[in-house]
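J.: My structure file entry-v1.csv, CSV, C-alpha atoms, is below:
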```csv
chain,number,residue,atom,x,y,z
A,1,MET,CA,75.2,-15.9,80.1
A,2,ILE,CA,75.7,-18.3,77.2
A,3,ALA,CA,75.1,-17.0,73.7
A,4,VAL,CA,72.9,-19.7,72.3
A,5,GLU,CA,71.9,-20.0,68.6
A,6,ARG,CA,70.6,-23.5,68.7
A,7,VAL,CA,71.1,-26.4,71.1
A,8,TYR,CA,71.3,-30.1,70.2
A,9,LEU,CA,69.8,-32.3,72.9
A,10,ASP,CA,71.5,-35.7,73.4
A,11,THR,CA,69.5,-38.8,74.4
A,12,ASN,CA,70.5,-38.6,78.0
A,13,VAL,CA,68.8,-35.2,78.3
A,14,PHE,CA,65.5,-36.6,77.3
A,15,ILE,CA,65.9,-39.4,79.9
A,16,MET,CA,66.6,-36.8,82.6
A,17,LEU,CA,63.6,-34.9,81.4
A,18,SER,CA,61.3,-37.9,81.6
A,19,GLU,CA,62.5,-39.3,85.0
A,20,LYS,CA,60.0,-38.2,87.6
A,21,ASN,CA,62.3,-37.3,90.4
A,22,HIS,CA,65.5,-36.3,88.6
A,23,ARG,CA,67.0,-33.3,90.4
A,24,LEU,CA,67.4,-31.4,87.1
A,25,GLN,CA,64.0,-32.2,85.6
A,26,GLN,CA,62.4,-28.9,86.6
A,27,LEU,CA,65.3,-26.8,85.2
A,28,LEU,CA,65.1,-28.8,82.0
A,29,VAL,CA,61.4,-28.0,81.7
A,30,GLN,CA,62.1,-24.3,82.4
A,31,MET,CA,64.8,-24.4,79.7
A,32,ILE,CA,62.4,-25.8,77.1
A,33,SER,CA,59.7,-23.3,78.2
A,34,ALA,CA,62.1,-20.4,77.7
A,35,GLN,CA,61.9,-21.1,73.9
A,36,PRO,CA,60.3,-18.0,72.3
A,37,PHE,CA,56.8,-18.8,71.1
A,38,GLY,CA,56.1,-18.7,67.4
A,39,LYS,CA,59.8,-18.8,66.4
A,40,PRO,CA,61.9,-21.6,64.8
A,41,PRO,CA,62.8,-24.2,67.4
A,42,LYS,CA,66.0,-23.5,69.4
A,43,PHE,CA,66.3,-27.2,70.3
A,44,ALA,CA,67.2,-30.0,67.9
A,45,THR,CA,67.9,-33.7,67.9
A,46,SER,CA,67.9,-36.6,65.5
A,47,GLU,CA,65.8,-39.7,65.0
A,48,LEU,CA,68.7,-41.7,66.5
A,49,THR,CA,67.6,-40.2,69.8
A,50,LEU,CA,64.2,-41.9,69.5
A,51,SER,CA,65.8,-45.2,68.7
A,52,GLU,CA,68.1,-45.0,71.7
A,53,LEU,CA,65.2,-43.8,74.0
A,54,LEU,CA,63.0,-46.8,73.1
A,55,VAL,CA,65.4,-49.6,73.9
A,56,LYS,CA,64.7,-50.0,77.7
A,57,PRO,CA,60.9,-49.3,77.5
A,58,LEU,CA,60.7,-51.9,74.8
A,59,GLN,CA,62.6,-54.4,76.9
A,60,ALA,CA,60.3,-53.7,79.8
A,61,GLY,CA,57.1,-53.6,77.8
A,62,ASP,CA,56.5,-50.1,79.1
A,63,ASP,CA,53.9,-48.8,76.6
A,64,THR,CA,53.3,-45.6,78.6
A,65,LEU,CA,57.0,-44.6,78.4
A,66,ILE,CA,57.2,-45.6,74.7
A,67,ASN,CA,54.1,-43.4,73.9
A,68,GLY,CA,55.6,-40.6,76.0
A,69,TYR,CA,58.9,-40.7,74.2
A,70,GLU,CA,57.2,-40.9,70.8
A,71,SER,CA,55.0,-38.0,71.6
A,72,LEU,CA,57.8,-35.9,73.0
A,73,LEU,CA,60.1,-36.4,70.0
A,74,LEU,CA,57.5,-36.5,67.2
A,75,ASN,CA,54.9,-33.9,68.3
A,76,SER,CA,56.8,-31.1,70.1
A,77,GLU,CA,56.8,-27.7,68.4
A,78,TRP,CA,59.8,-26.6,70.4
A,79,LEU,CA,62.0,-29.4,69.0
A,80,ASP,CA,63.4,-30.0,65.5
A,81,VAL,CA,63.9,-33.7,65.0
A,82,ARG,CA,65.6,-34.7,61.8
A,83,PRO,CA,66.4,-38.0,60.1
A,84,VAL,CA,69.9,-39.4,60.0
A,85,ASP,CA,70.8,-39.1,56.3
A,86,ARG,CA,73.8,-40.0,54.2
A,87,ALA,CA,75.5,-36.6,54.8
A,88,VAL,CA,75.2,-37.0,58.6
A,89,LEU,CA,76.7,-40.5,58.3
A,90,TYR,CA,79.5,-39.3,56.1
A,91,TYR,CA,80.5,-36.5,58.5
A,92,ALA,CA,80.2,-39.0,61.4
A,93,ALA,CA,82.9,-40.9,59.7
A,94,VAL,CA,85.0,-37.7,59.3
A,95,LEU,CA,84.5,-37.0,63.0
A,96,ARG,CA,85.6,-40.5,64.0
A,97,ALA,CA,88.6,-40.2,61.8
A,98,GLN,CA,89.5,-36.9,63.4
A,99,TYR,CA,88.4,-37.8,67.0
A,100,ARG,CA,89.3,-41.5,67.5
A,101,HIS,CA,87.7,-41.7,71.0
A,102,LEU,CA,84.3,-40.9,69.6
A,103,LYS,CA,81.9,-43.9,69.3
A,104,LEU,CA,79.7,-44.2,66.2
A,105,PRO,CA,76.4,-43.2,67.9
A,106,ASP,CA,78.1,-40.2,69.5
A,107,ALA,CA,79.6,-39.2,66.2
A,108,ILE,CA,76.2,-39.4,64.5
A,109,HIS,CA,74.8,-37.1,67.2
A,110,VAL,CA,77.6,-34.6,66.9
A,111,SER,CA,77.4,-34.7,63.1
A,112,SER,CA,73.6,-34.2,63.3
A,113,ALA,CA,74.2,-31.2,65.6
A,114,ILE,CA,76.6,-29.7,63.2
A,115,GLY,CA,74.3,-30.4,60.2
A,116,GLN,CA,71.4,-28.7,62.1
A,117,ASP,CA,73.5,-25.5,62.7
A,118,CYS,CA,73.6,-26.0,66.4
A,119,SER,CA,76.1,-23.8,68.4
A,120,HIS,CA,75.9,-26.0,71.4
A,121,PHE,CA,75.4,-29.7,72.3
A,122,LEU,CA,73.8,-30.5,75.7
A,123,SER,CA,74.9,-33.9,77.0
A,124,ASN,CA,75.7,-35.7,80.2
A,125,ASP,CA,77.9,-38.2,78.2
A,126,HIS,CA,81.5,-37.6,79.3
A,127,GLY,CA,82.7,-39.6,76.3
A,128,ILE,CA,81.7,-36.6,74.3
A,129,LYS,CA,84.5,-34.0,74.7
A,130,ASP,CA,84.1,-30.2,75.4
A,131,ARG,CA,84.2,-29.0,71.8
A,132,TYR,CA,84.4,-30.2,68.2
A,133,ASP,CA,86.2,-28.4,65.4
A,134,VAL,CA,85.7,-30.4,62.2
A,135,THR,CA,88.0,-30.0,59.2
A,136,HIS,CA,87.4,-32.1,56.2
A,137,ARG,CA,89.8,-32.3,53.3
A,138,ARG,CA,89.0,-34.1,50.1
A,139,HIS,CA,89.6,-33.6,46.4
A,140,GLY,CA,91.7,-30.5,47.1
A,141,PHE,CA,89.0,-28.7,49.0
A,142,THR,CA,88.9,-28.0,52.7
A,143,ARG,CA,85.7,-27.6,54.6
A,144,VAL,CA,85.6,-26.3,58.1
A,145,ALA,CA,82.4,-26.6,60.2
A,146,PRO,CA,81.6,-24.0,62.9
A,147,THR,CA,82.8,-25.1,66.4
A,148,LEU,CA,80.3,-27.1,68.4
A,149,LYS,CA,80.6,-26.4,72.1
A,150,VAL,CA,79.5,-29.2,74.5
A,151,LEU,CA,77.6,-28.2,77.6
A,152,ARG,CA,76.9,-30.4,80.6
A,153,PRO,CA,73.3,-30.4,82.1
A,154,ASP,CA,74.2,-29.1,85.5
A,155,GLU,CA,72.4,-26.4,87.5
A,156,PRO,CA,74.6,-23.4,86.6
A,157,THR,CA,74.7,-24.3,82.9
A,158,LEU,CA,70.9,-24.9,82.7
A,159,THR,CA,70.3,-21.6,84.6
A,160,ALA,CA,72.5,-19.8,82.1
A,161,LEU,CA,70.7,-21.4,79.2
A,162,ILE,CA,67.3,-20.3,80.6
A,163,GLU,CA,68.6,-16.8,81.0
A,164,SER,CA,70.0,-16.7,77.4
A,165,LEU,CA,66.8,-18.1,75.9
A,166,SER,CA,64.7,-15.7,77.9
A,167,ALA,CA,66.6,-12.6,76.8
```
Could the structure of this file be written out as structure tokens, please?

T.:
Amino acid sequence: MIAVERVYLDTNVFIMLSEKNHRLQQLLVQMISAQPFGKPPKFATSELTLSELLVKPLQAGDDTLINGYESLLLNSEWLDVRPVDRAVLYYAAVLRAQYRHLKLPDAIHVSSAIGQDCSHFLSNDHGIKDRYDVTHRRHGFTRVAPTLKVLRPDEPTLTALIESLSA
């Protein structure tokens, strides 16, 4: 079982969740449903996710999918969606300085996850590595963020997350 405090959901997880015949869709729905009712959300993301999700539906003129994504991200009690603020952008720069492979949107997501006190980051993006240990030194001070562990949305991992959230 995975000890989960809070899980940041990357954009690709929402795409898998909304695709009608995706093989992991049902497990993702079960994972979200395992969230304890009446407690603070165990799942988080940032407003960057909404922007990324809307690109293809806007290109295709798919108002149904646009409305679905907006509703999912803006009206779900199980999900904490936060704006990308200056602190998130600053630590995204720290992450990019420390992890040179990291693209800016991914660094913003990882920084958002750390800023939202997530213990885990669920993503199918293999450009995002397995874990992030962030150390920031400036003006003689050193700040160390808690380790963020990256999980892949596969059947064993989602099953373990469901078990952990249900416990």

J.: Write out as an NGL selection string the residues lying within 9 Å of Gly115 of chain A, counting only C-alpha atoms and excluding same-chain residues fewer than 4 positions away.

T.: :A and (87-88 or 91 or 110-111 or 145)

J.: Store the residues picked out above, limited to C-alpha atoms, as a short mmCIF file (atom, residue, chain, number, x, y, z; two decimals), keeping the file's coordinate frame.

T.:
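Generated file (part.cif):
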```cif
data_model
loop_
_atom_site.label_atom_id
_atom_site.label_comp_id
_atom_site.auth_asym_id
_atom_site.auth_seq_id
_atom_site.Cartn_x
_atom_site.Cartn_y
_atom_site.Cartn_z
CA ALA A 87 75.50 -36.60 54.80
CA VAL A 88 75.20 -37.00 58.60
CA TYR A 91 80.50 -36.50 58.50
CA VAL A 110 77.60 -34.60 66.90
CA SER A 111 77.40 -34.70 63.10
CA ALA A 145 82.40 -26.60 60.20
#
```

J.: Please list as number ranges by chain every residue within 8 Å of segment 121-131 of chain A, counting only C-alpha atoms and excluding residues in the same chain fewer than 2 positions away.

T.: A: 7-13, 101-102, 106, 110, 113, 118-119, 133, 147-153

J.: Mind running segment 124-159 of chain A against segment 19-35 of chain A at 9 Å and telling me each contacting residue's nearest atom pair with the distance in Å (one decimal), counting only C-alpha atoms, chain and number ascending, as CSV?

T.:
```
residue,atom,partner,partner_atom,distance
A:Pro153,CA,A:Leu24,CA,7.8
A:Asp154,CA,A:Leu24,CA,7.4
A:Glu155,CA,A:Leu24,CA,7.1
A:Leu158,CA,A:Leu27,CA,6.4
A:Thr159,CA,A:Leu27,CA,7.2
```

J.: Output C-alpha atoms of each residue in that selection to a file, as an mmCIF file, keeping the file's coordinate frame.

T.:
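This went into out_8.cif:
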```cif
data_model
loop_
_atom_site.group_PDB
_atom_site.id
_atom_site.type_symbol
_atom_site.label_atom_id
_atom_site.label_comp_id
_atom_site.auth_asym_id
_atom_site.auth_seq_id
_atom_site.Cartn_x
_atom_site.Cartn_y
_atom_site.Cartn_z
ATOM 1 C CA PRO A 153 73.300 -30.400 82.100
ATOM 2 C CA ASP A 154 74.200 -29.100 85.500
ATOM 3 C CA GLU A 155 72.400 -26.400 87.500
ATOM 4 C CA LEU A 158 70.900 -24.900 82.700
ATOM 5 C CA THR A 159 70.300 -21.600 84.600
#
```

J.: May I ask for the distance between atom CA of Asp85 of chain A and atom CA of Leu17 of chain A, given in Å to one decimal place?

T.: 26.4 Å

J.: Record the distance separating atom CA of Lys103 of chain A and atom CA of Ile66 of chain A, expressed in Å with one decimal.

T.: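 The value is 25.3 Å.
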
J.: Gln116 of chain A: which residues within 9 Å, counting all atoms listed in the file, same-chain residues fewer than 5 positions away excluded, as a list in words?

T.: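 In the requested form, the answer reads Arg6, Tyr8, Ala44, Thr45, Asp80, Arg82 and Ser111 of chain A.
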
J.: Counting all atoms listed in the file, figure out which residue out of A:Arg86, A:Arg137, A:Ser18, A:Ile162 gets nearest to Asn67 of chain A.

T.: A:Ser18

J.: List every protein, DNA or RNA residue that has at least one atom no more than 10 Å from (69.3, -15.2, 76.2) in the file's coordinates, counting all atoms listed in the file, and write the result as a ChimeraX atom specification.

T.: /A:1-5,34-35,160-167

J.: Using only C-alpha atoms, give me every residue within 8 Å of (73.6, -44.4, 63.0) in file coordinates, as a list in words.

T.: Leu48, Val84, Leu89, Leu104, Pro105 and Ile108 of chain A

J.: Residues as selected, C-alpha atoms, written as an mmCIF file, in the frame of the given file, can you do that?

T.:
```cif
data_model
loop_
_atom_site.group_PDB
_atom_site.id
_atom_site.type_symbol
_atom_site.label_atom_id
_atom_site.label_comp_id
_atom_site.auth_asym_id
_atom_site.auth_seq_id
_atom_site.Cartn_x
_atom_site.Cartn_y
_atom_site.Cartn_z
ATOM 1 C CA LEU A 48 68.700 -41.700 66.500
ATOM 2 C CA VAL A 84 69.900 -39.400 60.000
ATOM 3 C CA LEU A 89 76.700 -40.500 58.300
ATOM 4 C CA LEU A 104 79.700 -44.200 66.200
ATOM 5 C CA PRO A 105 76.400 -43.200 67.900
ATOM 6 C CA ILE A 108 76.200 -39.400 64.500
#
```

J.: At what distance in Å, to one decimal, does atom CA of Val94 of chain A lie from atom CA of Ser51 of chain A?

T.: 22.7 Å

J.: Hey, which of A:Pro146, A:Gly61, A:Pro156, A:Pro83 ends up closest to Thr49 of chain A? Count all atoms listed in the file.

T.: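 Selected residue with least distance to Thr49 of chain A: A:Pro83.
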
J.: Using all atoms listed in the file, which of the listed residues (A:Ala93, A:Ile114, A:Lys39, A:Leu54) sits closest to Trp78 of chain A?

T.: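 Closest candidate: A:Lys39.
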
J.: Would you pick out the contacts of Leu79 of chain A at 9 Å or less, using all atoms listed in the file, so that residues sharing its chain but fewer than 5 positions from it are not included, and give the list as a compact mmCIF listing (two decimals) with C-alpha atoms, in the frame of the given file?

T.:
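Generated file (around_20.txt):
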```
# COMPACT_ATOMS: atom_id res chain seq x y z
CA ILE A 32 62.40 -25.80 77.10
CA PRO A 40 61.90 -21.60 64.80
CA PRO A 41 62.80 -24.20 67.40
CA LYS A 42 66.00 -23.50 69.40
CA PHE A 43 66.30 -27.20 70.30
CA ALA A 44 67.20 -30.00 67.90
CA THR A 45 67.90 -33.70 67.90
CA LEU A 72 57.80 -35.90 73.00
CA LEU A 73 60.10 -36.40 70.00
CA LEU A 74 57.50 -36.50 67.20
```

J.: Could you complete segment 64-95 of chain A so that it carries N, CA and C atoms, and give it back as a PDB file, keeping the file's coordinate frame?

T.:
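Ended up saving to selection-v1.pdb:
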```pdb
ATOM      1  N   THR A  64      53.512 -47.029  78.202  1.00  0.00           N
ATOM      2  CA  THR A  64      53.300 -45.600  78.600  1.00  0.00           C
ATOM      3  C   THR A  64      54.551 -44.812  78.312  1.00  0.00           C
ATOM      4  N   LEU A  65      55.722 -45.333  78.660  1.00  0.00           N
ATOM      5  CA  LEU A  65      57.000 -44.600  78.400  1.00  0.00           C
ATOM      6  C   LEU A  65      57.258 -44.551  76.899  1.00  0.00           C
ATOM      7  N   ILE A  66      56.972 -45.634  76.183  1.00  0.00           N
ATOM      8  CA  ILE A  66      57.200 -45.600  74.700  1.00  0.00           C
ATOM      9  C   ILE A  66      56.307 -44.532  74.104  1.00  0.00           C
ATOM     10  N   ASN A  67      55.036 -44.482  74.476  1.00  0.00           N
ATOM     11  CA  ASN A  67      54.100 -43.400  73.900  1.00  0.00           C
ATOM     12  C   ASN A  67      54.609 -42.050  74.334  1.00  0.00           C
ATOM     13  N   GLY A  68      55.103 -41.902  75.566  1.00  0.00           N
ATOM     14  CA  GLY A  68      55.600 -40.600  76.000  1.00  0.00           C
ATOM     15  C   GLY A  68      56.797 -40.131  75.216  1.00  0.00           C
ATOM     16  N   TYR A  69      57.762 -41.023  74.988  1.00  0.00           N
ATOM     17  CA  TYR A  69      58.900 -40.700  74.200  1.00  0.00           C
ATOM     18  C   TYR A  69      58.550 -40.335  72.750  1.00  0.00           C
ATOM     19  N   GLU A  70      57.669 -41.163  72.170  1.00  0.00           N
ATOM     20  CA  GLU A  70      57.200 -40.900  70.800  1.00  0.00           C
ATOM     21  C   GLU A  70      56.549 -39.544  70.691  1.00  0.00           C
ATOM     22  N   SER A  71      55.679 -39.252  71.633  1.00  0.00           N
ATOM     23  CA  SER A  71      55.000 -38.000  71.600  1.00  0.00           C
ATOM     24  C   SER A  71      55.942 -36.811  71.804  1.00  0.00           C
ATOM     25  N   LEU A  72      56.863 -36.950  72.736  1.00  0.00           N
ATOM     26  CA  LEU A  72      57.800 -35.900  73.000  1.00  0.00           C
ATOM     27  C   LEU A  72      58.675 -35.582  71.788  1.00  0.00           C
ATOM     28  N   LEU A  73      59.167 -36.602  71.117  1.00  0.00           N
ATOM     29  CA  LEU A  73      60.100 -36.400  70.000  1.00  0.00           C
ATOM     30  C   LEU A  73      59.334 -36.090  68.679  1.00  0.00           C
ATOM     31  N   LEU A  74      58.162 -36.621  68.506  1.00  0.00           N
ATOM     32  CA  LEU A  74      57.500 -36.500  67.200  1.00  0.00           C
ATOM     33  C   LEU A  74      56.436 -35.416  67.147  1.00  0.00           C
ATOM     34  N   ASN A  75      56.017 -34.891  68.302  1.00  0.00           N
ATOM     35  CA  ASN A  75      54.900 -33.900  68.300  1.00  0.00           C
ATOM     36  C   ASN A  75      55.214 -32.628  69.058  1.00  0.00           C
ATOM     37  N   SER A  76      56.470 -32.323  69.295  1.00  0.00           N
ATOM     38  CA  SER A  76      56.800 -31.100  70.100  1.00  0.00           C
ATOM     39  C   SER A  76      57.227 -29.978  69.135  1.00  0.00           C
ATOM     40  N   GLU A  77      56.508 -28.871  69.220  1.00  0.00           N
ATOM     41  CA  GLU A  77      56.800 -27.700  68.400  1.00  0.00           C
ATOM     42  C   GLU A  77      58.127 -27.041  68.752  1.00  0.00           C
ATOM     43  N   TRP A  78      58.591 -27.243  69.961  1.00  0.00           N
ATOM     44  CA  TRP A  78      59.800 -26.600  70.400  1.00  0.00           C
ATOM     45  C   TRP A  78      61.067 -27.370  69.986  1.00  0.00           C
ATOM     46  N   LEU A  79      60.881 -28.528  69.338  1.00  0.00           N
ATOM     47  CA  LEU A  79      62.000 -29.400  69.000  1.00  0.00           C
ATOM     48  C   LEU A  79      62.005 -29.748  67.523  1.00  0.00           C
ATOM     49  N   ASP A  80      63.176 -29.596  66.910  1.00  0.00           N
ATOM     50  CA  ASP A  80      63.400 -30.000  65.500  1.00  0.00           C
ATOM     51  C   ASP A  80      64.060 -31.318  65.463  1.00  0.00           C
ATOM     52  N   VAL A  81      63.324 -32.348  65.051  1.00  0.00           N
ATOM     53  CA  VAL A  81      63.900 -33.700  65.000  1.00  0.00           C
ATOM     54  C   VAL A  81      64.078 -34.038  63.501  1.00  0.00           C
ATOM     55  N   ARG A  82      65.323 -34.383  63.162  1.00  0.00           N
ATOM     56  CA  ARG A  82      65.600 -34.700  61.800  1.00  0.00           C
ATOM     57  C   ARG A  82      66.142 -36.102  61.595  1.00  0.00           C
ATOM     58  N   PRO A  83      65.948 -36.649  60.400  1.00  0.00           N
ATOM     59  CA  PRO A  83      66.400 -38.000  60.100  1.00  0.00           C
ATOM     60  C   PRO A  83      67.961 -38.038  60.017  1.00  0.00           C
ATOM     61  N   VAL A  84      68.503 -39.210  60.180  1.00  0.00           N
ATOM     62  CA  VAL A  84      69.900 -39.400  60.000  1.00  0.00           C
ATOM     63  C   VAL A  84      70.079 -39.789  58.488  1.00  0.00           C
ATOM     64  N   ASP A  85      70.656 -38.877  57.711  1.00  0.00           N
ATOM     65  CA  ASP A  85      70.800 -39.100  56.300  1.00  0.00           C
ATOM     66  C   ASP A  85      72.257 -39.426  55.925  1.00  0.00           C
ATOM     67  N   ARG A  86      72.505 -39.597  54.654  1.00  0.00           N
ATOM     68  CA  ARG A  86      73.800 -40.000  54.200  1.00  0.00           C
ATOM     69  C   ARG A  86      74.883 -38.909  54.564  1.00  0.00           C
ATOM     70  N   ALA A  87      74.533 -37.625  54.464  1.00  0.00           N
ATOM     71  CA  ALA A  87      75.500 -36.600  54.800  1.00  0.00           C
ATOM     72  C   ALA A  87      75.867 -36.636  56.296  1.00  0.00           C
ATOM     73  N   VAL A  88      74.895 -36.890  57.146  1.00  0.00           N
ATOM     74  CA  VAL A  88      75.200 -37.000  58.600  1.00  0.00           C
ATOM     75  C   VAL A  88      76.116 -38.209  58.812  1.00  0.00           C
ATOM     76  N   LEU A  89      75.852 -39.327  58.161  1.00  0.00           N
ATOM     77  CA  LEU A  89      76.700 -40.500  58.300  1.00  0.00           C
ATOM     78  C   LEU A  89      78.106 -40.268  57.778  1.00  0.00           C
ATOM     79  N   TYR A  90      78.210 -39.562  56.668  1.00  0.00           N
ATOM     80  CA  TYR A  90      79.500 -39.300  56.100  1.00  0.00           C
ATOM     81  C   TYR A  90      80.345 -38.421  57.084  1.00  0.00           C
ATOM     82  N   TYR A  91      79.727 -37.361  57.615  1.00  0.00           N
ATOM     83  CA  TYR A  91      80.500 -36.500  58.500  1.00  0.00           C
ATOM     84  C   TYR A  91      80.692 -37.185  59.895  1.00  0.00           C
ATOM     85  N   ALA A  92      79.867 -38.156  60.229  1.00  0.00           N
ATOM     86  CA  ALA A  92      80.200 -39.000  61.400  1.00  0.00           C
ATOM     87  C   ALA A  92      81.455 -39.729  61.213  1.00  0.00           C
ATOM     88  N   ALA A  93      81.664 -40.234  60.004  1.00  0.00           N
ATOM     89  CA  ALA A  93      82.900 -40.900  59.700  1.00  0.00           C
ATOM     90  C   ALA A  93      84.097 -39.943  59.736  1.00  0.00           C
ATOM     91  N   VAL A  94      83.907 -38.736  59.227  1.00  0.00           N
ATOM     92  CA  VAL A  94      85.000 -37.700  59.300  1.00  0.00           C
ATOM     93  C   VAL A  94      85.288 -37.415  60.762  1.00  0.00           C
ATOM     94  N   LEU A  95      84.268 -37.275  61.582  1.00  0.00           N
ATOM     95  CA  LEU A  95      84.500 -37.000  63.000  1.00  0.00           C
ATOM     96  C   LEU A  95      85.252 -38.162  63.676  1.00  0.00           C
TER      97      LEU A  95
END
```
